[in-house]
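Below: one structure, written as structure tokens.
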Amino acid sequence: MQSTTWSHKNVNYLVTGGAGFIGTNIVQELIRRGERVRVMDNFSTGKRENLSEFEGLVDLFEGDVRSYHIVREAVDGIDVVLHQAALPSVPRSIRDPITTNEVNVVGTLNVLQAARDAGVKRVVFASSSSVYGDNPELPKRETLMPSPLSPYAVSKLAGEQYCLAFSKIYKMETICLRYFNVFGPRQDPTSAYAAVFPRFITSAAAGQDLVIYGDGEQSRDFTFVANVVDANIRASVADCPPGTVVNIACGQTYSLNNLVKQLGTILGKEIKVRHDDPRPGDVKHSLASIERARQLLGYEPNVTMPQGLQRTVAWYLEAHTRRGRNT
């Protein structure tokens, strides 16, 4: 195991995609800890309003990861890059695989090259459980052979491989975190590719039917965003082999039907569900082994899915109330 040779004090962080869902939550926690934070975002999927409460507390760098020269400016003077910038969504990648590749693969290569050229100490890459594809083995361990089913999953696997290559060739410290179905505050419910949690919560709160693609028995290792934030910060300073891939999840699985039931209990109402055809590229079951994260990062999921669901519902209801007061 390689030990880091740099001080973990007074770290300068760059969060790419820092105006997005996960990125904003990371920025919030870094600021709470008194760290120096720079955010890079082109606001294609991230929102300026997500950063409004941090005005004057972060160094905002507007730009696109597809441009090497812009990324090279953004990483100047940075110690750790938490690389969250990406075009998310399996369906989006199926509709437009070329743009997904440009942002997620070329963008990641630009971040790695610029980080190397600027002498950045470490890059933490946001990968995805989608790289496992339909491999039936459960739980998913990092040693499983990847089997990506969508261009999005391919793009994340390519990013991992670039991280590994840069660690071997250039001796860069890189670590890849495979996120499992992250949810929580600030997730956009209005996007055409909205994830299941914000879509379900906002529809159920409005008394609308929920749409489930398939029979609803597909299961996921839903992971509250605070756990992912903690994992990123731990990964930025942990002593671990360069190029390591680590699952970040809770190690528990819930079906969509179970999720709907819990949501109905929290909202105190019966929720009606309409089923539609399964979507191409979707995986039936997903469950993570998090033993490697425990061993290498000292990671432990502090917020369970039911606890996270309650917090997330409360946040969306409060956000809806705020919007009502402002209209």
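Note on naming: chains are A, B, ... as they come in the structure tokens, residues start from 1 per chain, ligands start from 1 in the order shown.
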
Sorted by chain and rising residue number, which residues of range 231-269 of chain A lie within 7 Å of range 215-220 of chain A, and what are their closest atom pairs and distances in Å to one decimal, counting only C-alpha atoms, as a tab-separated table?
residue	atom	partner	partner_atom	distance
A:Thr253	CA	A:Arg220	CA	5.2
A:Tyr254	CA	A:Ser219	CA	5.2
A:Ser255	CA	A:Ser219	CA	3.9
A:Leu256	CA	A:Gly216	CA	5.0
A:Asn257	CA	A:Gly216	CA	5.1

Contact residues around range 206-214 of chain A with only C-alpha atoms at 6 Å, ignoring same-chain residues under 6 positions, as a ChimeraX atom specification: /A:272-278

Pick from A:Leu87, A:Val105, A:Val111, A:Leu51: nearest to Glu73 in chain A, with only C-alpha atoms counted?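 Smallest distance to Glu73 in chain A is found for A:Val111.
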
Show me a table, sorted first by chain and then by increasing residue number, of the residues of range 101-127 of chain A having an atom at most 12 Å from range 221-231 of chain A, each with its shortest atom pair and the distance in Å to one decimal, counting only C-alpha atoms and written as a Markdown table.
| residue | atom | partner | partner_atom | distance |
| --- | --- | --- | --- | --- |
| A:Val124 | CA | A:Ala231 | CA | 10.1 |
| A:Phe125 | CA | A:Ala231 | CA | 11.4 |
| A:Ala126 | CA | A:Val228 | CA | 9.7 |
| A:Ser127 | CA | A:Val228 | CA | 11.5 |

Produce a file of the selected residues containing N, CA and C atoms, as a compact mmCIF listing (two decimals), in the first residue's frame.
# COMPACT_ATOMS: atom_id res chain seq x y z
N VAL A 124 -10.01 12.12 -7.22
CA VAL A 124 -11.05 11.18 -6.81
C VAL A 124 -12.13 11.20 -7.88
N PHE A 125 -12.35 10.06 -8.52
CA PHE A 125 -13.25 9.97 -9.67
C PHE A 125 -14.59 9.36 -9.28
N ALA A 126 -15.67 10.03 -9.65
CA ALA A 126 -17.02 9.53 -9.38
C ALA A 126 -17.41 8.53 -10.46
N SER A 127 -17.35 7.25 -10.11
CA SER A 127 -17.76 6.20 -11.04
C SER A 127 -19.16 5.73 -10.67

Who sits within 12 Å of Val154 in chain A, only C-alpha atoms, same chain under 2 positions skipped, as a PDB file with C-alpha atoms, in the first residue's frame:
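As a result, selection-v8.pdb now contains:
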ATOM      1  CA  VAL A  90     -28.572   5.718 -18.699  1.00  0.00           C
ATOM      2  CA  SER A  93     -26.662   8.016 -22.918  1.00  0.00           C
ATOM      3  CA  ILE A  94     -28.717   5.631 -25.039  1.00  0.00           C
ATOM      4  CA  PRO A  97     -23.979   8.257 -26.716  1.00  0.00           C
ATOM      5  CA  ILE A  98     -21.548  10.636 -28.425  1.00  0.00           C
ATOM      6  CA  THR A 100     -22.039  11.188 -23.078  1.00  0.00           C
ATOM      7  CA  ASN A 101     -18.642   9.978 -24.286  1.00  0.00           C
ATOM      8  CA  ASN A 104     -17.622  11.583 -19.338  1.00  0.00           C
ATOM      9  CA  VAL A 105     -14.595  10.109 -21.118  1.00  0.00           C
ATOM     10  CA  SER A 127     -17.760   6.204 -11.042  1.00  0.00           C
ATOM     11  CA  SER A 128     -20.939   4.145 -11.031  1.00  0.00           C
ATOM     12  CA  SER A 129     -22.324   0.745 -10.078  1.00  0.00           C
ATOM     13  CA  SER A 130     -23.667   0.595 -13.643  1.00  0.00           C
ATOM     14  CA  VAL A 131     -20.274  -0.769 -14.741  1.00  0.00           C
ATOM     15  CA  TYR A 132     -21.280  -4.159 -13.270  1.00  0.00           C
ATOM     16  CA  GLY A 133     -24.172  -4.429 -15.737  1.00  0.00           C
ATOM     17  CA  PRO A 146     -17.497  -5.415 -15.509  1.00  0.00           C
ATOM     18  CA  SER A 147     -20.349  -5.892 -17.965  1.00  0.00           C
ATOM     19  CA  PRO A 148     -21.683  -2.433 -18.898  1.00  0.00           C
ATOM     20  CA  LEU A 149     -25.085  -2.356 -20.601  1.00  0.00           C
ATOM     21  CA  SER A 150     -25.261   1.308 -21.638  1.00  0.00           C
ATOM     22  CA  PRO A 151     -23.008   4.014 -23.089  1.00  0.00           C
ATOM     23  CA  TYR A 152     -23.154   5.734 -19.686  1.00  0.00           C
ATOM     24  CA  LYS A 156     -17.660   5.354 -16.367  1.00  0.00           C
ATOM     25  CA  LEU A 157     -15.624   2.196 -16.876  1.00  0.00           C
ATOM     26  CA  ALA A 158     -13.415   4.069 -19.346  1.00  0.00           C
ATOM     27  CA  GLY A 159     -12.874   6.780 -16.732  1.00  0.00           C
ATOM     28  CA  GLU A 160     -11.798   4.153 -14.205  1.00  0.00           C
ATOM     29  CA  GLN A 161      -9.332   2.689 -16.659  1.00  0.00           C
ATOM     30  CA  GLY A 281     -30.092  -0.727 -20.165  1.00  0.00           C
TER      31      GLY A 281
END

Excluding Val39 in chain A and its own-chain neighbours fewer than 2 positions away, which residues fall within 7 Å of it when counting only C-alpha atoms? Please give them as a CSV table (one decimal) with C-alpha atoms, in the first residue's frame.
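As written to disk, result-v2.csv reads:
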chain,number,residue,atom,x,y,z
A,14,LEU,CA,-11.6,21.5,-6.8
A,15,VAL,CA,-15.0,20.0,-7.2
A,16,THR,CA,-15.9,19.6,-10.8
A,18,GLY,CA,-19.8,21.4,-8.1
A,37,VAL,CA,-13.0,25.1,-2.2
A,41,ASP,CA,-19.2,23.8,-13.6
A,58,VAL,CA,-16.2,29.3,-2.9
A,59,ASP,CA,-14.0,30.2,-5.9
A,60,LEU,CA,-16.4,29.7,-8.8
A,61,PHE,CA,-14.8,28.7,-12.2

Find the distance between CA of Ala85 in chain A and CA of Gly23 in chain A and write it in Å to one decimal. 8.0 Å

Show me, as a ChimeraX atom specification, the residues that have an atom within 8 Å of Pro185 in chain A when counting only C-alpha atoms, minus same-chain residues fewer than 5 positions from it. /A:21,225,311-312,315-316

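Near Ala235 in chain A, within 9 Å and counting only C-alpha atoms, sit Val124, Ile175, Cys176, Leu177, Asp230, Ala231, Asn232, Ala238, Asp239, Cys240, Leu296 and Leu297 of chain A; same-chain residues fewer than 3 positions away were not included.
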
When you draw a straight line from CA of Val196 in chain A to CA of Val81 in chain A, how long is it in Å?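 Interatomic distance here is 28.3 Å.
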